[in-house]
Amino acid sequence: MSDITKQSLSELVKNIKDKKLSSEEVTRAFIDRSEKSKELNTYITEDYSSALNKAKKFDQKPNLELKLPGIPMAVKDLFCTKDIRTTAGSKILGNFVPTYESTVTQNIWNEGAILLGKLNCDEFAMGSSNETSFFGNVQNPIDKNLVPGGSSGGSASAVAGQLTPITIGTDTGGSIRQPASFTGTVGLKPTYGSCSRYGIVAFASSLDQAGPMAQNVKDCALLQEVISTYDSKDSTSIDFKRNNYSKELTNNIKGKKVGIPKEYRVDGMPKEIDELWQKGIQYVKDCGAEIFDISLPHTSYALPTYYIVAPAEASSNLARYDGVKYGFRAKGENLIDMYEKTRSEGFGAEVQRRIMIGTYVLSSGYYDAYYLKAQKVRKLIKNDFDEAYKKVDAILTPSTPSSAFKIGEKKDDPVSMYLNDIFTVPVNLAGLPGISIPAGHDANGYPLGLQIIGKAFDEQNILNIAYAMEEKINFKNKITDWWIK
Amino acid sequence: MSKNKSQYLIDRKDNQYEVVIGLEVHAQVTSESKLFSTSATKFGAEPNTQVSLVDAAFPGMLPVINEFCVKQAIKTGIGLKAKINNRSVFDRKNYFYADLPQGYQISQFKDPIVGEGKIILDMPDGQKEVGIERLHLEQDAGKSIHDLDPQNTFVDLNRSGVALMEIVSKPDLRSPDEVSAYIKKLRSIMRYLGTCDGNMQEGSLRADVNVSVRTKGSKDLGTRCEIKNVNSIKFMQMAIDYEANRQVDLIEEGKSIDQETRLFDTKKNETRSMRSKEDAHDYRYFPDPDLLPLEVSDEFIEKLKTDIPELPDDKKKRFIDEFKLSSYEATILVSDIDTAKYFEEVVAKMGKNKDIKLAVNWITGELFALLNSKNLEISQSPISAKNLSILINLIKNGTISGKIAKTVFELMIEGDKDPQIIVEEKGLKQQSDPKALEALIDKIINDNREKAIEYKQGKEKLFGFFVGQAMKASGGKANPQLINQILKKKL
């Protein structure tokens with residue numbers, strides 16, 4: 001069955017439940033394809049033999065009531081996995097093997113899924129192209145030498161390249177939605193507090209959120225249903241009524257009000273992005289929803305606000321990587337010298353840049369001017385959305401200001417790199433759910449995504465809108481398997 | 001020194017200086033588990049046996065507030081008559097050190113859980129009120145051990161994450177004696193509340209001491225120095241004395257005082273500069289994004305108020321009113337919760353016809369002396385409150401004399417024996433039969449006729465001789481009052 005890896009999650013689940021496929025067959029198929037796909041560099045750590053054993057074990061006594069029965073999947077290497085190395089894409093955690101499991105991955109295994117391995121990502125999830133990973137660039141299956149986006153670049157690439165049927169990423173400023181957009185896949189960033197942060201290597205605690213990445217909206221809904229649970233081990237986890245997102249999924253969005261924020265029409269935005277957006281508006285209308293012009297007046301401040309808040313939290317969150325307790329340690333003359341050498345050698349340039357920015361904006365004398373002001377602006381950005389949601393149920397925007405770019409193209413220009421997140425960061429700052437769905441191609445045939453932003457805890461609504469649009473768009477990803485010799 | 005005993009002033013040839021002191025006390029919250037993790041907090045455990053993944057700051061680990069510690073802090077706030085804040089915020093205090101696994105300490109910076117309060121001190125010349133600025137919750141750090149290996153430092157994380165209350169006083173203290181009284185009173189209140197055991201040897205209570213000096217009568221505050229982490233009252237007093245004199249000397253020499261952090265060297269009895277203001281850490285405080293602001297409702301606080309036991313000030317007032325104790329006696333008995341408990345148990349067990357004065361004397365006299373000599377706390381007293389109450393009643397009802405009681409008391413120590421049994425077994429019961437005593441005295445007068453005559457001729461001092469003889473003849477058991485009466489009659 002050579003087309004196993006082409007099947008969606010929903011198809012695989014059905015085939016396993018109907019006993020048309022065994023977990024072992026499915027697992028072996030994804031391992032085989034992953035083995036042939038080393039050039040994509042999606043995996044940091046493979047766990048294939050253990051996965052096969054688990055699959056065999058599953059097949060011996062299959063529990064077909066589970067939501068992910070015997071489904072193999074690889075996950076972003078930011079989730080701590082018990083007894084499996086977890087690096088966060090960094091040298092400083094290059095040898096770190098957790099003795100514990102993140103809540104989100106535990107939820108997945110509890111539903112019968114099987115770990116294939118750990119997927120590449122930007123170092124500590126800081127990047128928009130997967131180029132900051134200590135473990136090297138990830139290739140976008142769309143084209144050679146194209147970035148898959150970041151920070152969940154390995155995850156996006158693995159889903160698009162069919163090395164895993166689904167995956168999970170994390171999204172602090174767009175790290176699920178932007179790579180989904182760059183690879184022609186679907187990625188959901190849930191409401192802040194929907195998925196537990198317990199066991200996820202922290203980047204910026206007030207923004208980080210795990211979420212599903214898949215080939216289609218339905219798969220995405222199913223995985224969201226599995227990973228989103230209230231968790232008392234995370235004080236910011238929120239106890240709200242969670243839907244059975246996949247069961248309640250509907251393409252009937254008649255009468256839904258969708259807002260189009262004028263501030264997202266940014267200067268220098270490529271014409272093809274604007275056209276995509278217009279097409280998206282038409283699809284929404286075709287589905288029976290209504291379109292409203294709205295204003296999110298503080299949008300232009302979102303990016304600078306984000307690049308103060310996120311580095312500030314990161315500078316503190318990453319202080320624990322000091323060579324004392326675990327992970328990489330460089331030899332030093334004394335404690336301070338050891339710290340300096342460990343952190344200079346253990347962290348890459350982008351991480352060091354953000355630690356420095358974060359340390360600076362929190363310093364006495366600059367705190368009020370940067371961090372405190374950024375917090376105030378963050379509140380205003382949230383207020384913008386609150387106002388808008390008095391009029392509309394969801395908001396439609398492009399996911400990114402451009403399609404995927406070439407590896408190396410923006411590496412030495414951090415500001416241009418940061419601009420990639422311009423449409424995604426306001427959503428994190430406001431703690432809202434957002435989903436990116438593939439909606440078209442640019443002149444090169446590279447995928448382009450549209451983003452639907454929802455009200456807090458209203459994942460179901462944006463999944464429904466995405467589901468309805470998906471049907472109309474009928475997007476086909478152009479995967480040529482160029483990397484398979 | 002000034003004439004007024006309680007006033008602590010430093011004299012130099014032309015000037016008199018006053019010392020201004022404020023304390024930041026770090027009190028370990030009495031709690032089974034840590035502030036943000038479920039690890040145990042037992043003192044003296046093997047190194048690194050009470051450390052969770054959260055305490056050791058493993059990747060992806062998150063703090064979860066321990067509600068019990070929050071209750072303890074609020075109760076302490078109530079005990080300090082302080083404002084309890086409905087909303088407080090945990091901040092991160094960022095700095096690098098080997099025994100600080102997170103690279104930051106979770107503390108409360110701008111919005112503490114408890115605001116302004118006060119403590120009343122009983123000083124020899126009256127009461128003094130000391131203001132409390134705030135109380136906040138924070139994590140303790142681990143411990144660096146430098147002396148186990150010549151090359152390496154070892155780190156013990158058992159303390160890492162243990163809940164501390166930092167209690168900041170206003171700069172209201174004026175002498176080492178007031179500092180001593182303040183620490184004792186604060187400790188007493190927390191021990192009554194069960195929120196901190198106050199054990200300074202185990203590090204459950206330690207303080208940073210802020211000292212400045214100014215010429216007497218001045219209203220301005222001088223430049224202060226902070227003496228870090230002093231862990232006994234005696235050392236605090238010594239450090240203040242040294243530091244205040246050091247500052248006065250500098251002023252007298254026309255030099256200025258640098259605001260700095262200093263350490264007290266207990267061996268040399270001096271304070272030493274640790275770091276200047278310029279070298280002060282920039283802690284980059286900011287609200288911890290892993291924790292939501294801590295919200296406590298008025299109902300929650302009111303409910304805790306119903307849990308508050310009678311505190312030392314109220315207990316003292318009641319002892320004075322109910323038992324007619326002097327203020328001095330009451331102060332001694334309430335200062336420590338275990339002493340107060342012991343005293344109240346003795347009183348309760350004495351029954352109806354009780355002699356409270358006698359009980360106070362025996363507790364503060366014989367019992368305290370015994371505990372001192374054996375270096376025991378009253379909670380470890382070898383003589384139970386019940387048996388002491390029986391002994392006191394035996395004196396009160398004339399079964400034994402006070403003198404015999406002291407012998408009985410000694411015999412009670414071993415095995416907490418019932419004094420009634422001791423009196424029975426040793427035949428120590430007081431002789432109060434007037435006929436028997438008369439016969440005994442007749443014999444003594446007969447045997448000492450010459451002395452009896454001398455007495456009658458006016459040598460009154462000899463009365464004591466006869467009393468002594470009578471006591472001796474009775475083996476110390478004769479009722480002294482009766483002996484006196486009979487002797488007066490017969491001589």
# chains A, B, ... in the order shown; residues from 1 in each chain; ligands from 1
$ select_by_dssp --residues "range 90-321 of chain B" --states "strand (DSSP E)" --output "ChimeraX atom specification"
/B:91-94,104-107,117-123,126-139,143-145,154-156,163-169,205-215,225-230,260-265,270-276,286-287,294-295
$ write_last_selection --atoms "C-alpha atoms" --output "tab-separated table (two decimals), in the first residue's frame"
chain	number	residue	atom	x	y	z
B	91	ASP	CA	7.29	38.82	40.00
B	92	ARG	CA	10.52	37.34	38.83
B	93	LYS	CA	13.71	38.64	40.41
B	94	ASN	CA	16.39	37.74	37.88
B	104	TYR	CA	15.24	33.97	38.93
B	105	GLN	CA	13.50	33.96	42.27
B	106	ILE	CA	9.73	34.21	42.27
B	107	SER	CA	8.89	36.98	44.70
B	117	GLY	CA	0.53	46.69	59.81
B	118	LYS	CA	2.10	47.05	63.25
B	119	ILE	CA	3.70	45.27	66.18
B	120	ILE	CA	3.57	46.41	69.82
B	121	LEU	CA	6.79	45.97	71.79
B	122	ASP	CA	6.87	45.75	75.60
B	123	MET	CA	9.93	47.72	76.53
B	126	GLY	CA	6.51	51.11	78.31
B	127	GLN	CA	5.05	50.03	75.03
B	128	LYS	CA	6.39	50.96	71.63
B	129	GLU	CA	4.63	50.56	68.31
B	130	VAL	CA	6.70	49.49	65.30
B	131	GLY	CA	5.21	49.86	61.83
B	132	ILE	CA	5.16	47.01	59.32
B	133	GLU	CA	5.66	48.19	55.76
B	134	ARG	CA	4.64	44.99	53.99
B	135	LEU	CA	4.78	41.22	53.93
B	136	HIS	CA	5.31	39.29	50.72
B	137	LEU	CA	5.71	35.68	49.69
B	138	GLU	CA	8.80	34.45	47.88
B	139	GLN	CA	10.85	31.35	47.14
B	143	LYS	CA	22.37	26.17	49.30
B	144	SER	CA	25.89	26.34	47.92
B	145	ILE	CA	28.36	24.26	49.91
B	154	PHE	CA	28.26	21.52	45.79
B	155	VAL	CA	24.67	22.59	45.56
B	156	ASP	CA	21.83	21.33	47.75
B	163	ALA	CA	8.11	29.42	50.93
B	164	LEU	CA	9.39	32.46	52.76
B	165	MET	CA	7.57	35.48	54.09
B	166	GLU	CA	9.62	38.64	53.85
B	167	ILE	CA	8.36	40.97	56.54
B	168	VAL	CA	9.63	44.51	56.15
B	169	SER	CA	9.45	46.89	59.11
B	205	LEU	CA	14.09	33.09	60.68
B	206	ARG	CA	16.82	35.45	59.51
B	207	ALA	CA	17.03	39.12	58.81
B	208	ASP	CA	18.62	41.83	56.74
B	209	VAL	CA	19.28	44.78	59.01
B	210	ASN	CA	19.18	48.35	57.69
B	211	VAL	CA	21.14	50.77	59.85
B	212	SER	CA	21.61	54.51	59.61
B	213	VAL	CA	22.54	57.18	62.14
B	214	ARG	CA	21.62	60.83	62.61
B	215	THR	CA	22.30	63.50	65.16
B	225	CYS	CA	23.74	50.32	55.05
B	226	GLU	CA	22.11	46.95	54.79
B	227	ILE	CA	23.66	44.10	56.76
B	228	LYS	CA	22.68	40.92	54.99
B	229	ASN	CA	21.38	37.67	56.35
B	230	VAL	CA	22.02	37.82	60.09
B	260	GLU	CA	26.00	49.64	50.45
B	261	THR	CA	25.34	46.07	51.39
B	262	ARG	CA	27.52	44.71	54.17
B	263	LEU	CA	28.17	41.36	55.77
B	264	PHE	CA	28.57	40.74	59.49
B	265	ASP	CA	31.65	38.73	60.38
B	270	GLU	CA	32.62	43.64	62.44
B	271	THR	CA	30.67	44.45	59.31
B	272	ARG	CA	32.41	44.36	55.96
B	273	SER	CA	31.44	45.84	52.62
B	274	MET	CA	29.91	43.26	50.29
B	275	ARG	CA	28.87	45.45	47.38
B	276	SER	CA	28.31	49.13	46.79
B	286	PHE	CA	8.71	41.76	35.96
B	287	PRO	CA	5.43	39.93	36.58
B	294	LEU	CA	-3.20	36.10	43.11
B	295	GLU	CA	-6.78	37.06	43.91
$ residues_around --residues "range 189-192 of chain A" --least-positions-apart "5" --cutoff "10 Å" --atoms "only C-alpha atoms" --output "PyMOL selection string"
chain A and resi 169-177+197+206-213+224+228+236-238+424+427-436+453-459
$ select_by_dssp --residues "range 141-348 of chain B" --states "alpha helix (DSSP H)" --output "JSON, numbers by chain"
{"B": [176, 177, 178, 179, 180, 181, 182, 183, 184, 185, 186, 187, 188, 189, 190, 191, 192, 193, 233, 234, 235, 236, 237, 238, 239, 240, 241, 242, 243, 244, 245, 246, 247, 248, 249, 250, 251, 252, 298, 299, 300, 301, 302, 303, 304, 305, 312, 313, 314, 315, 316, 317, 318, 319, 320, 321, 322, 323, 327, 328, 329, 330, 331, 332, 333, 334, 337, 338, 339, 340, 341, 342, 343, 344, 345, 346, 347, 348]}
$ closest_atom_pairs --of "chain B" --to "chain A" --cutoff "12 Å" --atoms "only C-alpha atoms" --output "CSV"
residue,atom,partner,partner_atom,distance
B:Phe36,CA,A:Lys233,CA,10.3
B:Ser37,CA,A:Lys233,CA,9.7
B:Thr38,CA,A:Lys233,CA,11.1
B:Ser52,CA,A:Tyr100,CA,11.5
B:Leu53,CA,A:Tyr100,CA,9.0
B:Val54,CA,A:Lys233,CA,10.5
B:Asp55,CA,A:Arg320,CA,11.3
B:Ala56,CA,A:Lys325,CA,7.6
B:Ala57,CA,A:Arg320,CA,6.5
B:Phe58,CA,A:Arg320,CA,7.9
B:Pro59,CA,A:Val201,CA,5.2
B:Gly60,CA,A:Gly199,CA,4.0
B:Met61,CA,A:Gly199,CA,5.8
B:Leu62,CA,A:Asp234,CA,6.2
B:Pro63,CA,A:Ser235,CA,7.3
B:Val64,CA,A:Ser235,CA,5.8
B:Ile65,CA,A:Ser235,CA,8.1
B:Asn66,CA,A:Ser235,CA,11.3
B:Asp91,CA,A:Ser316,CA,11.3
B:Arg92,CA,A:Ser316,CA,8.1
B:Lys93,CA,A:Ser316,CA,9.2
B:Asn94,CA,A:Ser316,CA,6.9
B:Tyr95,CA,A:Ala319,CA,8.4
B:Phe96,CA,A:Ala319,CA,7.5
B:Tyr97,CA,A:Leu335,CA,8.3
B:Ala98,CA,A:Val324,CA,6.6
B:Asp99,CA,A:Val324,CA,8.9
B:Leu100,CA,A:Arg320,CA,8.6
B:Pro101,CA,A:Arg320,CA,5.9
B:Gln102,CA,A:Arg320,CA,4.6
B:Gly103,CA,A:Ala319,CA,4.8
B:Tyr104,CA,A:Ser316,CA,7.2
B:Gln105,CA,A:Ser316,CA,10.5
B:Ile106,CA,A:Ser316,CA,11.3
B:Ser144,CA,A:Leu335,CA,11.9
B:Gln151,CA,A:Asn334,CA,9.9
B:Asn152,CA,A:Asn334,CA,9.6
B:Thr153,CA,A:Leu335,CA,9.4
B:Phe154,CA,A:Val324,CA,10.4
B:Val155,CA,A:Val324,CA,9.4
B:Asp156,CA,A:Lys325,CA,11.5
B:Leu157,CA,A:Lys325,CA,10.7
B:Ala280,CA,A:Ser364,CA,11.5
B:His281,CA,A:Ser364,CA,10.1
B:Asp282,CA,A:Ser363,CA,6.6
B:Tyr283,CA,A:Ser363,CA,7.8
B:Arg284,CA,A:Leu362,CA,5.1
B:Tyr285,CA,A:Leu362,CA,7.3
B:Phe286,CA,A:Leu362,CA,7.4
B:Pro287,CA,A:Glu313,CA,9.5
B:Asp288,CA,A:Glu313,CA,8.5
B:Pro289,CA,A:Ser206,CA,5.3
B:Asp290,CA,A:Ser205,CA,6.1
B:Leu291,CA,A:Ser235,CA,5.8
B:Leu292,CA,A:Thr236,CA,6.6
B:Pro293,CA,A:Ser235,CA,10.2
B:Leu294,CA,A:Ser235,CA,10.8
$ residues_around --residues "Leu448 in chain A" --least-positions-apart "3" --cutoff "8 Å" --atoms "only C-alpha atoms" --output "PyMOL selection string"
chain A and resi 181-182+184+273+276+399-400+402-403+438-442
$ residues_around --residues "Lys316 in chain B" --least-positions-apart "5" --cutoff "12 Å" --atoms "only C-alpha atoms" --output "list in words"
Asp122, Glu310, Leu311, Asp321, Glu322, Phe323, Lys324, Leu325, Ser326, Ser327, Tyr328, Glu329, Ala330, Thr331, Ile332, Leu333, Val334, Ser335, Asp336, Ile337, Ala340 and Glu344 of chain B
$ write_last_selection --atoms "C-alpha atoms" --output "PDB file, in the first residue's frame"
ATOM      1  CA  ASP B 122       6.866  45.751  75.596  1.00  0.00           C
ATOM      2  CA  GLU B 310      -5.746  34.400  70.874  1.00  0.00           C
ATOM      3  CA  LEU B 311      -2.511  36.285  70.189  1.00  0.00           C
ATOM      4  CA  ASP B 321      -7.582  40.799  84.041  1.00  0.00           C
ATOM      5  CA  GLU B 322      -8.473  37.217  84.815  1.00  0.00           C
ATOM      6  CA  PHE B 323      -5.536  36.047  86.929  1.00  0.00           C
ATOM      7  CA  LYS B 324      -4.524  39.416  88.393  1.00  0.00           C
ATOM      8  CA  LEU B 325      -0.974  39.003  87.136  1.00  0.00           C
ATOM      9  CA  SER B 326       1.401  41.924  86.974  1.00  0.00           C
ATOM     10  CA  SER B 327       2.192  43.234  83.500  1.00  0.00           C
ATOM     11  CA  TYR B 328       5.714  41.898  83.935  1.00  0.00           C
ATOM     12  CA  GLU B 329       4.554  38.404  84.854  1.00  0.00           C
ATOM     13  CA  ALA B 330       2.006  38.337  82.058  1.00  0.00           C
ATOM     14  CA  THR B 331       4.596  39.447  79.506  1.00  0.00           C
ATOM     15  CA  ILE B 332       6.903  36.610  80.502  1.00  0.00           C
ATOM     16  CA  LEU B 333       4.152  34.005  80.386  1.00  0.00           C
ATOM     17  CA  VAL B 334       2.698  35.014  77.008  1.00  0.00           C
ATOM     18  CA  SER B 335       5.992  35.647  75.213  1.00  0.00           C
ATOM     19  CA  ASP B 336       6.166  32.068  74.016  1.00  0.00           C
ATOM     20  CA  ILE B 337       3.087  30.127  73.029  1.00  0.00           C
ATOM     21  CA  ALA B 340       1.457  30.263  77.832  1.00  0.00           C
ATOM     22  CA  GLU B 344      -2.850  27.731  81.325  1.00  0.00           C
TER      23      GLU B 344
END
$ residues_around --residues "Glu46 in chain B" --least-positions-apart "3" --cutoff "12 Å" --atoms "only C-alpha atoms" --output "VMD selection string"
chain B and resid 40 to 43 49 to 51 156 to 159
$ residues_around --residues "Asn120 in chain A" --least-positions-apart "4" --cutoff "6 Å" --atoms "only C-alpha atoms" --output "list of chain:residue names"
A:Thr42, A:Tyr43, A:Ile44, A:Gly154
$ atom_distance --atom1 "CA of Cys196 in chain B" --atom2 "CA of Val20 in chain B"
26.7 Å
$ residues_around --residues "range 30-34 of chain A" --least-positions-apart "6" --cutoff "10 Å" --atoms "only C-alpha atoms" --output "PyMOL selection string"
chain A and resi 2+4-6+24+40-43+46-49+51-52+72-74+116-117+158+161-165+484
$ atom_distance --atom1 "CA of Phe423 in chain A" --atom2 "CA of Thr250 in chain A"
26.2 Å
$ atom_distance --atom1 "CA of Ile21 in chain B" --atom2 "CA of Gly217 in chain B"
15.7 Å
$ decode --residues "range 44-71 of chain A" --atoms "N, CA and C atoms" --output "PDB file, in the first residue's frame"
ATOM      1  N   ILE A  44      15.039  15.743  14.192  1.00  0.00           N
ATOM      2  CA  ILE A  44      16.239  15.894  15.011  1.00  0.00           C
ATOM      3  C   ILE A  44      16.541  14.542  15.666  1.00  0.00           C
ATOM      4  N   THR A  45      15.525  13.888  16.150  1.00  0.00           N
ATOM      5  CA  THR A  45      15.690  12.588  16.790  1.00  0.00           C
ATOM      6  C   THR A  45      14.635  11.627  16.246  1.00  0.00           C
ATOM      7  N   GLU A  46      15.102  10.475  15.762  1.00  0.00           N
ATOM      8  CA  GLU A  46      14.169   9.462  15.247  1.00  0.00           C
ATOM      9  C   GLU A  46      13.952   8.411  16.317  1.00  0.00           C
ATOM     10  N   ASP A  47      12.764   7.869  16.353  1.00  0.00           N
ATOM     11  CA  ASP A  47      12.477   6.823  17.341  1.00  0.00           C
ATOM     12  C   ASP A  47      11.738   5.672  16.646  1.00  0.00           C
ATOM     13  N   TYR A  48      12.250   5.289  15.468  1.00  0.00           N
ATOM     14  CA  TYR A  48      11.511   4.382  14.582  1.00  0.00           C
ATOM     15  C   TYR A  48      11.324   2.975  15.157  1.00  0.00           C
ATOM     16  N   SER A  49      12.415   2.407  15.705  1.00  0.00           N
ATOM     17  CA  SER A  49      12.270   1.008  16.130  1.00  0.00           C
ATOM     18  C   SER A  49      11.290   0.903  17.295  1.00  0.00           C
ATOM     19  N   SER A  50      11.370   1.867  18.169  1.00  0.00           N
ATOM     20  CA  SER A  50      10.428   1.886  19.285  1.00  0.00           C
ATOM     21  C   SER A  50       8.997   2.104  18.767  1.00  0.00           C
ATOM     22  N   ALA A  51       8.864   2.938  17.728  1.00  0.00           N
ATOM     23  CA  ALA A  51       7.533   3.183  17.150  1.00  0.00           C
ATOM     24  C   ALA A  51       6.956   1.894  16.572  1.00  0.00           C
ATOM     25  N   LEU A  52       7.814   1.145  15.875  1.00  0.00           N
ATOM     26  CA  LEU A  52       7.339  -0.122  15.279  1.00  0.00           C
ATOM     27  C   LEU A  52       6.903  -1.113  16.353  1.00  0.00           C
ATOM     28  N   ASN A  53       7.681  -1.148  17.441  1.00  0.00           N
ATOM     29  CA  ASN A  53       7.309  -2.035  18.541  1.00  0.00           C
ATOM     30  C   ASN A  53       5.954  -1.655  19.133  1.00  0.00           C
ATOM     31  N   LYS A  54       5.785  -0.350  19.299  1.00  0.00           N
ATOM     32  CA  LYS A  54       4.505   0.117  19.849  1.00  0.00           C
ATOM     33  C   LYS A  54       3.361  -0.207  18.891  1.00  0.00           C
ATOM     34  N   ALA A  55       3.622  -0.065  17.599  1.00  0.00           N
ATOM     35  CA  ALA A  55       2.585  -0.353  16.597  1.00  0.00           C
ATOM     36  C   ALA A  55       2.202  -1.825  16.642  1.00  0.00           C
ATOM     37  N   LYS A  56       3.215  -2.691  16.735  1.00  0.00           N
ATOM     38  CA  LYS A  56       2.946  -4.128  16.811  1.00  0.00           C
ATOM     39  C   LYS A  56       2.132  -4.440  18.060  1.00  0.00           C
ATOM     40  N   LYS A  57       2.536  -3.818  19.132  1.00  0.00           N
ATOM     41  CA  LYS A  57       1.831  -4.024  20.390  1.00  0.00           C
ATOM     42  C   LYS A  57       0.370  -3.569  20.277  1.00  0.00           C
ATOM     43  N   PHE A  58       0.217  -2.430  19.611  1.00  0.00           N
ATOM     44  CA  PHE A  58      -1.152  -1.923  19.417  1.00  0.00           C
ATOM     45  C   PHE A  58      -1.990  -2.934  18.625  1.00  0.00           C
ATOM     46  N   ASP A  59      -1.376  -3.449  17.556  1.00  0.00           N
ATOM     47  CA  ASP A  59      -2.120  -4.375  16.678  1.00  0.00           C
ATOM     48  C   ASP A  59      -2.521  -5.670  17.397  1.00  0.00           C
ATOM     49  N   GLN A  60      -1.692  -6.078  18.363  1.00  0.00           N
ATOM     50  CA  GLN A  60      -2.025  -7.294  19.109  1.00  0.00           C
ATOM     51  C   GLN A  60      -3.307  -7.138  19.906  1.00  0.00           C
ATOM     52  N   LYS A  61      -3.507  -5.949  20.404  1.00  0.00           N
ATOM     53  CA  LYS A  61      -4.690  -5.714  21.235  1.00  0.00           C
ATOM     54  C   LYS A  61      -5.230  -4.322  20.922  1.00  0.00           C
ATOM     55  N   PRO A  62      -5.758  -4.169  19.710  1.00  0.00           N
ATOM     56  CA  PRO A  62      -6.114  -2.805  19.281  1.00  0.00           C
ATOM     57  C   PRO A  62      -7.322  -2.250  20.028  1.00  0.00           C
ATOM     58  N   ASN A  63      -7.146  -1.054  20.567  1.00  0.00           N
ATOM     59  CA  ASN A  63      -8.280  -0.348  21.170  1.00  0.00           C
ATOM     60  C   ASN A  63      -8.791   0.641  20.130  1.00  0.00           C
ATOM     61  N   LEU A  64      -9.859   0.246  19.455  1.00  0.00           N
ATOM     62  CA  LEU A  64     -10.342   1.044  18.330  1.00  0.00           C
ATOM     63  C   LEU A  64     -11.308   2.140  18.760  1.00  0.00           C
ATOM     64  N   GLU A  65     -11.520   2.218  20.065  1.00  0.00           N
ATOM     65  CA  GLU A  65     -12.365   3.317  20.583  1.00  0.00           C
ATOM     66  C   GLU A  65     -11.582   4.631  20.646  1.00  0.00           C
ATOM     67  N   LEU A  66     -10.279   4.513  20.614  1.00  0.00           N
ATOM     68  CA  LEU A  66      -9.446   5.705  20.776  1.00  0.00           C
ATOM     69  C   LEU A  66      -9.563   6.618  19.558  1.00  0.00           C
ATOM     70  N   LYS A  67      -9.220   7.888  19.781  1.00  0.00           N
ATOM     71  CA  LYS A  67      -9.352   8.870  18.697  1.00  0.00           C
ATOM     72  C   LYS A  67      -8.212   8.794  17.698  1.00  0.00           C
ATOM     73  N   LEU A  68      -7.047   8.332  18.170  1.00  0.00           N
ATOM     74  CA  LEU A  68      -5.885   8.226  17.264  1.00  0.00           C
ATOM     75  C   LEU A  68      -5.339   6.799  17.346  1.00  0.00           C
ATOM     76  N   PRO A  69      -6.137   5.810  16.981  1.00  0.00           N
ATOM     77  CA  PRO A  69      -5.759   4.406  17.216  1.00  0.00           C
ATOM     78  C   PRO A  69      -4.553   3.969  16.400  1.00  0.00           C
ATOM     79  N   GLY A  70      -3.436   3.784  17.083  1.00  0.00           N
ATOM     80  CA  GLY A  70      -2.237   3.292  16.412  1.00  0.00           C
ATOM     81  C   GLY A  70      -1.684   4.216  15.344  1.00  0.00           C
ATOM     82  N   ILE A  71      -2.029   5.488  15.438  1.00  0.00           N
ATOM     83  CA  ILE A  71      -1.562   6.459  14.429  1.00  0.00           C
ATOM     84  C   ILE A  71      -0.150   6.933  14.786  1.00  0.00           C
TER      85      ILE A  71
END
